[in-house]
Amino acid sequence: MPATVVVGTQWGDEGKGKLTDLIAKEMQLVVRYQGGHNAGHTLVVDGESFALQLVPSGVLYDHITPVIGNGVVVDPFVLLAEIATLEAKGVDCSRLRVSGNAHLILPYHQELDRLTERYLGKNKLGTTKRGIGPAYADKAMRVGIRVQDLLDADIFREKLTAVLVDKNKVFARVYNRLPEDADELADRVLTEVAPALEPYIADTVSLVHDSLEAGQNVLFEGAQATFLDLDHGTYPFVTSSNPVAGGACTGAGVGPRYIQRVVGIAKAYVTRVGAGPFPTELFDSVGDHLVEVGREFGTNTGRRRRPGWFDAVMLRQAVRLNSLSELAITKLDILDALETLQVCVAYDVNGVRHDHLPYHQSDLHAATPIYETLPGWGCDLTGVTERHQLPAAAVQYLEFLEQQVGVPITYVGVGPGREQFVHFSDAG
C-alpha cells in the first residue's frame with residue numbers, strides 16, 4: 001500500500017509539478033489534496049508547455065487516474081476551461097475524477113477577495129484574488145457549497161440563495177456594491193457547469209482506498225508550500241489551507257500509516273511572491289540574475305518573484321514539519337554563471353544565533369542571515385544526465401545542502417525539460 005507525498009518546502013514555485021510528473025511514471029493515481037487555482041505550475045514535454053492550475057500533473061500519462069481531492073477548492077469555470085485547453089492539445093482528461101466533497105469557488109468569492117485585498121491597502125496580503133480564502137472561509141463557517149451539490153438542482157439553488165442573503169448585505173453595506181442575483185447565478189452554473197462536470201464527480205475517498213488496498217502506487221500532490229501553510233507558515237502571509245504533508249491525510253481522506261515516502265521540493269535558491277518576511281532576500285544584481293535567468297514570474301499572475309539565497313534554516317523546519325524522507329533540488333542550472341554562492345546556515349536575531357526557525361514573528365522579521373560561501377562551477381549544467389558529469393563544485397554545493405538539512409537529495413533539476421533531472425543519491 002505504498003503512498004508518496006510531494007510537498008514544497010519553501011514559499012512555493014519550487015517545481016513541484018515537474019517533479020510530480022517525473023515520479024508519476026510509477027504511479028496509478030495522482031491526487032491533489034489542497035489549494036485551488038491560485039497555484040499554477042508549468043510542465044515542458046517535448047518542447048511544448050502545459051500550464052496546469054487544478055488538474056493534477058499525472059494527467060499527462062495515459063495510465064494514471066488524476067484526482068482532485070476533497071481538500072481542494074474548485075472554481076468550476078476554471079476547471080472546465082483547463083480541461084478544454086488540455087484536450088485541445090491532445091491530452092485525454094476523461095480519467096479525471098473530482099471529489100464530491102470538494103468546495104466550489106463561485107463569482108462572489110472572487111469579488112470578496114478583490115474587495116478585501118483592496119481595502120487592506122498597505123497591509124494587503126498579496127493574494128491572487130482568485131477567491132481561495134473566501135471559499136475556505138465559507139467551508140469553515142459551514143455555508144460552503146460543494147461539488148456534489150451540482151448534482152441536485154434544488155439543493156444547489158437552496159444553498160446558494162441562503163448564502164447570498166448574507167453575502168449581499170456585505171456587498172451593499174460594507175463595499176457599496178450591487179448584490180449578486182441568486183437565480184441568475186444558479187441558472188448559469190446549472191446550465192454551463194453542472195452537466196459538463198458531472199462525468200468527473202466521484203467518491204474519491206473510496207477511489208483512493210481501493211487503489212491503496214490493491215497495492216497500487218498513489219502520489220499525493222500538494223499546492224503552494226510549507227511556509228505558506230495556514231498553521232505553520234509566515235502568518236498572515238500564507239494561503240488558506242495546509243500544504244504540509246499532513247494535509248494529504250485530511251485533503252484526500254487517508255490515514256498517515258499509508259504514507260511511506262515524503263519528497264520535499266526546494267529550489268537551489270529561494271523565491272516568494274507577495275508580502276511577508278524573507279531573511280535571505282536579494283536586492284542586487286545577483287537577485288536580478290536569478291529572476292531573469294530563472295524566469296521567476298508567476299504562472300498565474302505574471303508577478304515578479306522576490307529572489308534570495310538558499311535558506312537551510314527554513315529547510316530544517318520543513319524537514320521537521322513534513323517528516324521528509326528525501327529532497328529534490330530544482331533549478332540548479334540557474335546558478336551556473338555565478339562565481340560564488342551563499343547558503344544561509346543560521347540567523348542572527350539581536351545578537352543571538354538561531355539554527356532553527358524562530359517561532360515568534362518579530363524575531364523572524366529581525367533575522368539577519370549567517371552565510372557560508374561556496375564556489376560556483378562556471379559551466380552549463382543543462383546537458384548533464386548523470387551525477388558523475390556534475391562539476392566538483394556543484395557536487396560540493398549539493399552535499400553541503402544535504403549536510404545542513406540532514407536529508408538526502410535524490411533528484412536534481414538541471415533545466416526546464418521533463419527529463420532534465422539527475423539522480424543524485426539514494427534515500428534512507
# chains A, B, ... in the order shown; residues from 1 in each chain; ligands from 1
$ residues_around --residues "Pro107 of chain A" --least-positions-apart "2" --cutoff "10 Å" --atoms "only C-alpha atoms" --output "PyMOL selection string"
chain A and resi 75+77+104-105+109-113+130-131+180+185
$ write_last_selection --atoms "N, CA, C and O atoms" --output "PDB file, in the first residue's frame"
ATOM      1  N   ASP A  75     -12.852  26.163  -8.640  1.00  0.00           N
ATOM      2  CA  ASP A  75     -13.621  27.072  -9.492  1.00  0.00           C
ATOM      3  C   ASP A  75     -14.050  26.248 -10.700  1.00  0.00           C
ATOM      4  O   ASP A  75     -13.220  25.884 -11.535  1.00  0.00           O
ATOM      5  N   PHE A  77     -15.651  26.887 -13.420  1.00  0.00           N
ATOM      6  CA  PHE A  77     -15.444  27.504 -14.725  1.00  0.00           C
ATOM      7  C   PHE A  77     -13.979  27.369 -15.148  1.00  0.00           C
ATOM      8  O   PHE A  77     -13.672  27.065 -16.302  1.00  0.00           O
ATOM      9  N   LEU A 104     -16.811  24.512  -3.790  1.00  0.00           N
ATOM     10  CA  LEU A 104     -16.810  25.323  -5.001  1.00  0.00           C
ATOM     11  C   LEU A 104     -16.384  26.760  -4.711  1.00  0.00           C
ATOM     12  O   LEU A 104     -16.749  27.345  -3.681  1.00  0.00           O
ATOM     13  N   ILE A 105     -15.624  27.321  -5.631  1.00  0.00           N
ATOM     14  CA  ILE A 105     -15.380  28.761  -5.677  1.00  0.00           C
ATOM     15  C   ILE A 105     -16.352  29.331  -6.696  1.00  0.00           C
ATOM     16  O   ILE A 105     -16.385  28.896  -7.851  1.00  0.00           O
ATOM     17  N   HIS A 109     -17.134  34.750  -4.321  1.00  0.00           N
ATOM     18  CA  HIS A 109     -15.894  34.561  -3.568  1.00  0.00           C
ATOM     19  C   HIS A 109     -14.776  35.415  -4.160  1.00  0.00           C
ATOM     20  O   HIS A 109     -13.975  36.028  -3.429  1.00  0.00           O
ATOM     21  N   GLN A 110     -14.698  35.461  -5.467  1.00  0.00           N
ATOM     22  CA  GLN A 110     -13.652  36.247  -6.117  1.00  0.00           C
ATOM     23  C   GLN A 110     -13.868  37.743  -5.910  1.00  0.00           C
ATOM     24  O   GLN A 110     -12.905  38.495  -5.684  1.00  0.00           O
ATOM     25  N   GLU A 111     -15.114  38.163  -5.946  1.00  0.00           N
ATOM     26  CA  GLU A 111     -15.410  39.574  -5.704  1.00  0.00           C
ATOM     27  C   GLU A 111     -15.040  39.972  -4.281  1.00  0.00           C
ATOM     28  O   GLU A 111     -14.425  41.022  -4.047  1.00  0.00           O
ATOM     29  N   LEU A 112     -15.359  39.122  -3.316  1.00  0.00           N
ATOM     30  CA  LEU A 112     -14.984  39.396  -1.931  1.00  0.00           C
ATOM     31  C   LEU A 112     -13.471  39.438  -1.759  1.00  0.00           C
ATOM     32  O   LEU A 112     -12.943  40.269  -1.021  1.00  0.00           O
ATOM     33  N   ASP A 113     -12.774  38.551  -2.446  1.00  0.00           N
ATOM     34  CA  ASP A 113     -11.315  38.517  -2.376  1.00  0.00           C
ATOM     35  C   ASP A 113     -10.726  39.826  -2.900  1.00  0.00           C
ATOM     36  O   ASP A 113      -9.834  40.421  -2.281  1.00  0.00           O
ATOM     37  N   ARG A 130      -8.254  35.076  -6.419  1.00  0.00           N
ATOM     38  CA  ARG A 130      -8.974  34.023  -7.122  1.00  0.00           C
ATOM     39  C   ARG A 130     -10.148  33.467  -6.303  1.00  0.00           C
ATOM     40  O   ARG A 130     -10.785  32.514  -6.711  1.00  0.00           O
ATOM     41  N   GLY A 131     -10.380  34.022  -5.097  1.00  0.00           N
ATOM     42  CA  GLY A 131     -11.497  33.564  -4.279  1.00  0.00           C
ATOM     43  C   GLY A 131     -11.168  32.402  -3.373  1.00  0.00           C
ATOM     44  O   GLY A 131     -12.074  31.823  -2.746  1.00  0.00           O
ATOM     45  N   GLU A 180     -25.387  40.121  -5.727  1.00  0.00           N
ATOM     46  CA  GLU A 180     -25.412  39.010  -6.684  1.00  0.00           C
ATOM     47  C   GLU A 180     -26.843  38.504  -6.805  1.00  0.00           C
ATOM     48  O   GLU A 180     -27.552  38.374  -5.805  1.00  0.00           O
ATOM     49  N   LEU A 185     -27.279  33.476 -11.101  1.00  0.00           N
ATOM     50  CA  LEU A 185     -26.071  32.689 -10.929  1.00  0.00           C
ATOM     51  C   LEU A 185     -26.385  31.198 -10.927  1.00  0.00           C
ATOM     52  O   LEU A 185     -25.655  30.392 -11.530  1.00  0.00           O
TER      53      LEU A 185
END
$ residues_around --residues "Tyr269 of chain A" --least-positions-apart "2" --cutoff "12 Å" --atoms "only C-alpha atoms" --output "number ranges by chain"
A: 9-14, 265-267, 271-272, 280-282, 286-287, 289-291, 294, 296, 306-312, 314-315, 329-335, 341-344, 397-398, 401
$ write_last_selection --atoms "C-alpha atoms" --output "PDB file, in the first residue's frame"
ATOM      1  CA  THR A   9       9.487  23.241   1.233  1.00  0.00           C
ATOM      2  CA  GLN A  10       9.847  26.993   0.658  1.00  0.00           C
ATOM      3  CA  TRP A  11       7.272  29.620  -0.396  1.00  0.00           C
ATOM      4  CA  GLY A  12       6.068  27.832  -3.496  1.00  0.00           C
ATOM      5  CA  ASP A  13       7.182  27.813  -7.135  1.00  0.00           C
ATOM      6  CA  GLU A  14       9.786  25.138  -6.397  1.00  0.00           C
ATOM      7  CA  ILE A 265      10.928  20.049  -3.340  1.00  0.00           C
ATOM      8  CA  ALA A 266      13.285  23.018  -2.996  1.00  0.00           C
ATOM      9  CA  LYS A 267      14.863  25.363  -5.483  1.00  0.00           C
ATOM     10  CA  THR A 271      11.774  32.917  -4.095  1.00  0.00           C
ATOM     11  CA  ARG A 272       8.481  34.143  -2.761  1.00  0.00           C
ATOM     12  CA  THR A 280      17.813  35.920   2.570  1.00  0.00           C
ATOM     13  CA  GLU A 281      16.128  38.237   0.052  1.00  0.00           C
ATOM     14  CA  LEU A 282      18.451  39.820  -2.517  1.00  0.00           C
ATOM     15  CA  VAL A 286      22.514  38.610  -8.256  1.00  0.00           C
ATOM     16  CA  GLY A 287      18.830  38.784  -7.375  1.00  0.00           C
ATOM     17  CA  HIS A 289      20.059  37.435 -12.380  1.00  0.00           C
ATOM     18  CA  LEU A 290      18.053  34.776 -10.533  1.00  0.00           C
ATOM     19  CA  VAL A 291      14.781  36.377 -11.640  1.00  0.00           C
ATOM     20  CA  GLY A 294      15.221  31.594 -13.747  1.00  0.00           C
ATOM     21  CA  GLU A 296      10.822  33.933 -11.912  1.00  0.00           C
ATOM     22  CA  ARG A 306      11.306  38.026  -4.835  1.00  0.00           C
ATOM     23  CA  PRO A 307      14.677  36.195  -5.027  1.00  0.00           C
ATOM     24  CA  GLY A 308      17.123  35.137  -2.325  1.00  0.00           C
ATOM     25  CA  TRP A 309      19.900  32.724  -1.406  1.00  0.00           C
ATOM     26  CA  PHE A 310      19.168  29.166  -0.260  1.00  0.00           C
ATOM     27  CA  ASP A 311      17.968  29.129   3.353  1.00  0.00           C
ATOM     28  CA  ALA A 312      18.943  25.979   5.264  1.00  0.00           C
ATOM     29  CA  MET A 314      13.865  27.118   6.601  1.00  0.00           C
ATOM     30  CA  LEU A 315      14.634  23.699   5.184  1.00  0.00           C
ATOM     31  CA  ILE A 329      16.588  20.307  -5.705  1.00  0.00           C
ATOM     32  CA  THR A 330      15.371  22.147  -8.796  1.00  0.00           C
ATOM     33  CA  LYS A 331      16.860  24.868 -10.987  1.00  0.00           C
ATOM     34  CA  LEU A 332      20.482  24.173 -10.096  1.00  0.00           C
ATOM     35  CA  ASP A 333      21.382  25.336 -13.603  1.00  0.00           C
ATOM     36  CA  ILE A 334      20.212  28.877 -12.813  1.00  0.00           C
ATOM     37  CA  LEU A 335      23.337  29.227 -10.636  1.00  0.00           C
ATOM     38  CA  LEU A 341      27.257  31.034  -3.866  1.00  0.00           C
ATOM     39  CA  GLN A 342      25.949  31.714  -0.407  1.00  0.00           C
ATOM     40  CA  VAL A 343      23.879  29.445   1.823  1.00  0.00           C
ATOM     41  CA  CYS A 344      22.165  30.719   4.946  1.00  0.00           C
ATOM     42  CA  TYR A 397      27.158  22.582  -3.108  1.00  0.00           C
ATOM     43  CA  LEU A 398      24.593  19.770  -3.080  1.00  0.00           C
ATOM     44  CA  LEU A 401      22.894  21.267   1.488  1.00  0.00           C
TER      45      LEU A 401
END
$ select_by_dssp --residues "segment 53-192 of chain A" --states "strand (DSSP E or B)" --output "MDAnalysis selection string"
chainID A and resid 65:68 72:74 97:99 103:104 146
$ write_last_selection --atoms "all heavy atoms" --output "short mmCIF file (atom, residue, chain, number, x, y, z; two decimals), in the first residue's frame"
data_model
loop_
_atom_site.label_atom_id
_atom_site.label_comp_id
_atom_site.auth_asym_id
_atom_site.auth_seq_id
_atom_site.Cartn_x
_atom_site.Cartn_y
_atom_site.Cartn_z
N THR A 65 -4.83 7.82 -13.15
CA THR A 65 -6.09 8.50 -12.84
C THR A 65 -5.77 9.73 -12.02
O THR A 65 -5.32 9.62 -10.87
CB THR A 65 -7.03 7.58 -12.04
OG1 THR A 65 -7.33 6.42 -12.81
CG2 THR A 65 -8.32 8.32 -11.70
N PRO A 66 -5.95 10.93 -12.58
CA PRO A 66 -5.72 12.14 -11.81
C PRO A 66 -6.95 12.46 -10.96
O PRO A 66 -8.09 12.38 -11.43
CB PRO A 66 -5.48 13.22 -12.87
CG PRO A 66 -6.10 12.69 -14.12
CD PRO A 66 -6.27 11.21 -13.99
N VAL A 67 -6.72 12.84 -9.70
CA VAL A 67 -7.82 13.03 -8.75
C VAL A 67 -7.70 14.39 -8.09
O VAL A 67 -6.61 14.77 -7.62
CB VAL A 67 -7.81 11.92 -7.67
CG1 VAL A 67 -8.92 12.16 -6.65
CG2 VAL A 67 -7.94 10.54 -8.31
N ILE A 68 -8.80 15.12 -8.03
CA ILE A 68 -8.89 16.35 -7.26
C ILE A 68 -9.61 16.01 -5.97
O ILE A 68 -10.79 15.67 -5.98
CB ILE A 68 -9.62 17.46 -8.04
CG1 ILE A 68 -8.81 17.84 -9.28
CG2 ILE A 68 -9.85 18.69 -7.16
CD1 ILE A 68 -9.50 18.84 -10.19
N VAL A 72 -9.46 20.34 -1.83
CA VAL A 72 -9.26 21.38 -2.84
C VAL A 72 -10.51 22.25 -2.93
O VAL A 72 -11.63 21.78 -2.73
CB VAL A 72 -8.95 20.74 -4.21
CG1 VAL A 72 -8.73 21.80 -5.29
CG2 VAL A 72 -7.73 19.84 -4.11
N VAL A 73 -10.33 23.54 -3.21
CA VAL A 73 -11.46 24.40 -3.56
C VAL A 73 -11.42 24.61 -5.07
O VAL A 73 -10.39 24.95 -5.64
CB VAL A 73 -11.43 25.74 -2.80
CG1 VAL A 73 -11.86 25.55 -1.36
CG2 VAL A 73 -10.08 26.42 -2.86
N VAL A 74 -12.56 24.38 -5.71
CA VAL A 74 -12.62 24.26 -7.17
C VAL A 74 -13.47 25.36 -7.79
O VAL A 74 -14.67 25.49 -7.47
CB VAL A 74 -13.21 22.89 -7.57
CG1 VAL A 74 -13.31 22.77 -9.09
CG2 VAL A 74 -12.37 21.75 -7.00
N ARG A 97 -10.99 12.62 -11.98
CA ARG A 97 -12.06 12.48 -11.01
C ARG A 97 -11.97 13.62 -9.99
O ARG A 97 -10.89 13.97 -9.53
CB ARG A 97 -11.99 11.13 -10.30
CG ARG A 97 -12.22 9.94 -11.23
CD ARG A 97 -13.64 9.93 -11.79
NE ARG A 97 -13.89 8.85 -12.73
CZ ARG A 97 -13.83 8.96 -14.04
NH1 ARG A 97 -13.51 10.15 -14.60
NH2 ARG A 97 -14.07 7.94 -14.83
N VAL A 98 -13.13 14.17 -9.65
CA VAL A 98 -13.22 15.30 -8.73
C VAL A 98 -14.07 14.89 -7.53
O VAL A 98 -15.18 14.38 -7.70
CB VAL A 98 -13.85 16.53 -9.42
CG1 VAL A 98 -13.90 17.72 -8.46
CG2 VAL A 98 -13.11 16.88 -10.69
N SER A 99 -13.57 15.12 -6.34
CA SER A 99 -14.30 14.75 -5.13
C SER A 99 -15.62 15.52 -5.04
O SER A 99 -15.66 16.75 -5.18
CB SER A 99 -13.46 15.04 -3.90
OG SER A 99 -14.23 14.88 -2.72
N HIS A 103 -15.08 21.81 -2.17
CA HIS A 103 -15.92 23.00 -2.14
C HIS A 103 -15.73 23.84 -3.39
O HIS A 103 -14.64 23.87 -3.98
CB HIS A 103 -15.61 23.84 -0.90
CG HIS A 103 -16.29 23.31 0.33
ND1 HIS A 103 -17.27 24.00 1.01
CD2 HIS A 103 -16.15 22.13 0.99
CE1 HIS A 103 -17.69 23.29 2.04
NE2 HIS A 103 -17.02 22.14 2.05
N LEU A 104 -16.81 24.51 -3.79
CA LEU A 104 -16.81 25.32 -5.00
C LEU A 104 -16.38 26.76 -4.71
O LEU A 104 -16.75 27.34 -3.68
CB LEU A 104 -18.20 25.35 -5.63
CG LEU A 104 -18.72 24.04 -6.23
CD1 LEU A 104 -20.18 24.19 -6.62
CD2 LEU A 104 -17.88 23.63 -7.44
N ARG A 146 -20.72 22.60 -2.10
CA ARG A 146 -19.79 21.56 -2.52
C ARG A 146 -20.06 21.10 -3.95
O ARG A 146 -21.13 21.35 -4.52
CB ARG A 146 -19.86 20.37 -1.56
CG ARG A 146 -19.44 20.73 -0.14
CD ARG A 146 -19.29 19.52 0.75
NE ARG A 146 -20.55 18.84 1.00
CZ ARG A 146 -20.66 17.73 1.72
NH1 ARG A 146 -19.58 17.16 2.25
NH2 ARG A 146 -21.84 17.17 1.92
#
$ residues_around --residues "Trp377 of chain A" --least-positions-apart "4" --cutoff "9 Å" --atoms "only C-alpha atoms" --output "list in words"
Leu335, Asp336, Ala337, Leu338, Glu339, Thr340, Pro391, Ala392, Ala393 and Ala394 of chain A
$ residues_around --residues "Val238 of chain A" --least-positions-apart "3" --cutoff "9 Å" --atoms "only C-alpha atoms" --output "list in words"
Trp11, Leu125, Thr127, Phe227, Leu228, Asp229, Leu230, Asp231, His232, Gly233, Thr234, Tyr235, Ser241 and Gly276 of chain A
$ closest_residue --among "A:Ala24, A:Ala225, A:Val345, A:Ala275" --to "His365 of chain A" --atoms "only C-alpha atoms"
A:Ala275
$ atom_distance --atom1 "atom CA of Gly71 of chain A" --atom2 "atom CA of Glu87 of chain A"
25.1 Å
$ closest_residue --among "A:Leu219, A:Leu324, A:Ala367, A:Val193" --to "Thr20 of chain A" --atoms "only C-alpha atoms"
A:Leu219
$ select_by_dssp --residues "segment 379-418 of chain A" --states "alpha helix (DSSP H)" --output "ChimeraX atom specification"
/A:392-405
$ residues_around --residues "Ala162 of chain A" --least-positions-apart "3" --cutoff "12 Å" --atoms "only C-alpha atoms" --output "MDAnalysis selection string"
chainID A and resid 142:145 155:159 165:169 181:183
$ write_last_selection --atoms "C-alpha atoms" --output "mmCIF file, in the first residue's frame"
data_model
loop_
_atom_site.group_PDB
_atom_site.id
_atom_site.type_symbol
_atom_site.label_atom_id
_atom_site.label_comp_id
_atom_site.auth_asym_id
_atom_site.auth_seq_id
_atom_site.Cartn_x
_atom_site.Cartn_y
_atom_site.Cartn_z
ATOM 1 C CA ARG A 142 -20.336 25.733 7.201
ATOM 2 C CA VAL A 143 -22.040 27.767 4.500
ATOM 3 C CA GLY A 144 -19.922 26.430 1.632
ATOM 4 C CA ILE A 145 -21.364 24.849 -1.495
ATOM 5 C CA ILE A 155 -30.286 21.722 -3.170
ATOM 6 C CA PHE A 156 -27.889 23.922 -5.124
ATOM 7 C CA ARG A 157 -30.467 26.714 -5.505
ATOM 8 C CA GLU A 158 -31.483 26.487 -1.858
ATOM 9 C CA LYS A 159 -27.908 26.707 -0.571
ATOM 10 C CA VAL A 165 -28.532 36.682 1.734
ATOM 11 C CA ASP A 166 -25.581 37.457 3.997
ATOM 12 C CA LYS A 167 -23.063 37.991 1.205
ATOM 13 C CA ASN A 168 -25.278 40.608 -0.444
ATOM 14 C CA LYS A 169 -25.589 42.506 2.842
ATOM 15 C CA ASP A 181 -28.592 37.652 -8.258
ATOM 16 C CA ALA A 182 -29.048 34.147 -6.844
ATOM 17 C CA ASP A 183 -31.400 32.942 -9.574
#
$ atom_distance --atom1 "atom CA of Pro236 of chain A" --atom2 "atom CA of Gly133 of chain A"
11.9 Å
$ residues_around --residues "Val254 of chain A" --least-positions-apart "5" --cutoff "8 Å" --atoms "only C-alpha atoms" --output "JSON list (two decimals) with all heavy atoms, in the first residue's frame"
[["chain", "number", "residue", "atom", "x", "y", "z"],
["A", 205, "VAL", "N", -12.60, 9.32, -1.99],
["A", 205, "VAL", "CA", -12.04, 8.60, -0.84],
["A", 205, "VAL", "C", -12.04, 7.11, -1.11],
["A", 205, "VAL", "O", -11.04, 6.41, -0.91],
["A", 205, "VAL", "CB", -12.82, 8.94, 0.45],
["A", 205, "VAL", "CG1", -12.39, 8.02, 1.59],
["A", 205, "VAL", "CG2", -12.59, 10.39, 0.84],
["A", 209, "HIS", "N", -8.74, 4.66, -1.60],
["A", 209, "HIS", "CA", -8.55, 3.49, -0.75],
["A", 209, "HIS", "C", -8.58, 2.18, -1.53],
["A", 209, "HIS", "O", -7.81, 1.26, -1.24],
["A", 209, "HIS", "CB", -9.59, 3.48, 0.37],
["A", 209, "HIS", "CG", -9.21, 4.36, 1.52],
["A", 209, "HIS", "ND1", -8.50, 3.90, 2.61],
["A", 209, "HIS", "CD2", -9.39, 5.68, 1.73],
["A", 209, "HIS", "CE1", -8.29, 4.89, 3.45],
["A", 209, "HIS", "NE2", -8.82, 6.00, 2.93],
["A", 248, "ALA", "N", -2.25, 16.01, 3.32],
["A", 248, "ALA", "CA", -2.67, 14.95, 2.39],
["A", 248, "ALA", "C", -3.67, 14.02, 3.07],
["A", 248, "ALA", "O", -4.57, 13.47, 2.41],
["A", 248, "ALA", "CB", -1.47, 14.16, 1.90],
["A", 249, "CYS", "N", -3.53, 13.83, 4.37],
["A", 249, "CYS", "CA", -4.44, 12.93, 5.08],
["A", 249, "CYS", "C", -5.86, 13.49, 5.11],
["A", 249, "CYS", "O", -6.82, 12.79, 4.76],
["A", 249, "CYS", "CB", -3.93, 12.68, 6.50],
["A", 249, "CYS", "SG", -2.34, 11.84, 6.55]]
$ closest_residue --among "A:Gln396, A:Thr250, A:Gln389, A:Ser325" --to "Thr410 of chain A" --atoms "only C-alpha atoms"
A:Ser325
$ atom_distance --atom1 "atom CA of Lys18 of chain A" --atom2 "atom CA of Gly298 of chain A"
15.4 Å
$ decode --residues "segment 413-428 of chain A" --atoms "N, CA, C and O atoms" --output "PDB file, in the first residue's frame"
ATOM      1  N   GLY A 413      17.314  19.053 -10.491  1.00  0.00           N
ATOM      2  CA  GLY A 413      16.847  19.603 -11.753  1.00  0.00           C
ATOM      3  C   GLY A 413      17.900  20.471 -12.397  1.00  0.00           C
ATOM      4  O   GLY A 413      18.479  21.352 -11.746  1.00  0.00           O
ATOM      5  N   VAL A 414      18.164  20.238 -13.693  1.00  0.00           N
ATOM      6  CA  VAL A 414      19.202  20.992 -14.404  1.00  0.00           C
ATOM      7  C   VAL A 414      18.661  21.659 -15.668  1.00  0.00           C
ATOM      8  O   VAL A 414      19.424  21.989 -16.580  1.00  0.00           O
ATOM      9  N   GLY A 415      17.358  21.863 -15.745  1.00  0.00           N
ATOM     10  CA  GLY A 415      16.759  22.501 -16.906  1.00  0.00           C
ATOM     11  C   GLY A 415      15.260  22.388 -16.843  1.00  0.00           C
ATOM     12  O   GLY A 415      14.698  21.666 -16.008  1.00  0.00           O
ATOM     13  N   PRO A 416      14.548  23.085 -17.723  1.00  0.00           N
ATOM     14  CA  PRO A 416      13.092  23.104 -17.673  1.00  0.00           C
ATOM     15  C   PRO A 416      12.418  21.867 -18.256  1.00  0.00           C
ATOM     16  O   PRO A 416      11.240  21.622 -18.001  1.00  0.00           O
ATOM     17  N   GLY A 417      13.124  21.082 -19.038  1.00  0.00           N
ATOM     18  CA  GLY A 417      12.513  19.945 -19.721  1.00  0.00           C
ATOM     19  C   GLY A 417      12.086  18.833 -18.783  1.00  0.00           C
ATOM     20  O   GLY A 417      12.612  18.690 -17.661  1.00  0.00           O
ATOM     21  N   ARG A 418      11.168  18.020 -19.256  1.00  0.00           N
ATOM     22  CA  ARG A 418      10.596  16.937 -18.459  1.00  0.00           C
ATOM     23  C   ARG A 418      11.646  15.972 -17.930  1.00  0.00           C
ATOM     24  O   ARG A 418      11.541  15.470 -16.813  1.00  0.00           O
ATOM     25  N   GLU A 419      12.668  15.696 -18.715  1.00  0.00           N
ATOM     26  CA  GLU A 419      13.675  14.709 -18.340  1.00  0.00           C
ATOM     27  C   GLU A 419      14.974  15.328 -17.835  1.00  0.00           C
ATOM     28  O   GLU A 419      15.959  14.619 -17.619  1.00  0.00           O
ATOM     29  N   GLN A 420      14.995  16.634 -17.624  1.00  0.00           N
ATOM     30  CA  GLN A 420      16.235  17.287 -17.195  1.00  0.00           C
ATOM     31  C   GLN A 420      16.401  17.210 -15.678  1.00  0.00           C
ATOM     32  O   GLN A 420      16.459  18.206 -14.974  1.00  0.00           O
ATOM     33  N   PHE A 421      16.486  15.983 -15.203  1.00  0.00           N
ATOM     34  CA  PHE A 421      16.767  15.686 -13.802  1.00  0.00           C
ATOM     35  C   PHE A 421      17.941  14.723 -13.729  1.00  0.00           C
ATOM     36  O   PHE A 421      18.101  13.846 -14.583  1.00  0.00           O
ATOM     37  N   VAL A 422      18.747  14.857 -12.680  1.00  0.00           N
ATOM     38  CA  VAL A 422      19.867  13.966 -12.431  1.00  0.00           C
ATOM     39  C   VAL A 422      19.591  13.215 -11.137  1.00  0.00           C
ATOM     40  O   VAL A 422      19.211  13.833 -10.131  1.00  0.00           O
ATOM     41  N   HIS A 423      19.745  11.902 -11.158  1.00  0.00           N
ATOM     42  CA  HIS A 423      19.633  11.139  -9.914  1.00  0.00           C
ATOM     43  C   HIS A 423      20.925  11.353  -9.119  1.00  0.00           C
ATOM     44  O   HIS A 423      22.006  11.039  -9.599  1.00  0.00           O
ATOM     45  N   PHE A 424      20.795  11.913  -7.903  1.00  0.00           N
ATOM     46  CA  PHE A 424      21.982  12.328  -7.154  1.00  0.00           C
ATOM     47  C   PHE A 424      22.375  11.338  -6.067  1.00  0.00           C
ATOM     48  O   PHE A 424      23.530  10.966  -5.955  1.00  0.00           O
ATOM     49  N   SER A 425      21.441  10.899  -5.256  1.00  0.00           N
ATOM     50  CA  SER A 425      21.748   9.929  -4.202  1.00  0.00           C
ATOM     51  C   SER A 425      20.502   9.133  -3.862  1.00  0.00           C
ATOM     52  O   SER A 425      19.407   9.437  -4.326  1.00  0.00           O
ATOM     53  N   ASP A 426      20.662   8.112  -3.055  1.00  0.00           N
ATOM     54  CA  ASP A 426      19.540   7.266  -2.654  1.00  0.00           C
ATOM     55  C   ASP A 426      19.009   7.713  -1.307  1.00  0.00           C
ATOM     56  O   ASP A 426      19.758   8.158  -0.430  1.00  0.00           O
ATOM     57  N   ALA A 427      17.681   7.608  -1.148  1.00  0.00           N
ATOM     58  CA  ALA A 427      17.057   7.972   0.122  1.00  0.00           C
ATOM     59  C   ALA A 427      17.292   6.858   1.141  1.00  0.00           C
ATOM     60  O   ALA A 427      17.422   5.695   0.804  1.00  0.00           O
ATOM     61  N   GLY A 428      17.330   7.291   2.411  1.00  0.00           N
ATOM     62  CA  GLY A 428      17.371   6.321   3.503  1.00  0.00           C
ATOM     63  C   GLY A 428      18.774   5.859   3.843  1.00  0.00           C
ATOM     64  O   GLY A 428      19.747   6.108   3.210  1.00  0.00           O
TER      65      GLY A 428
END
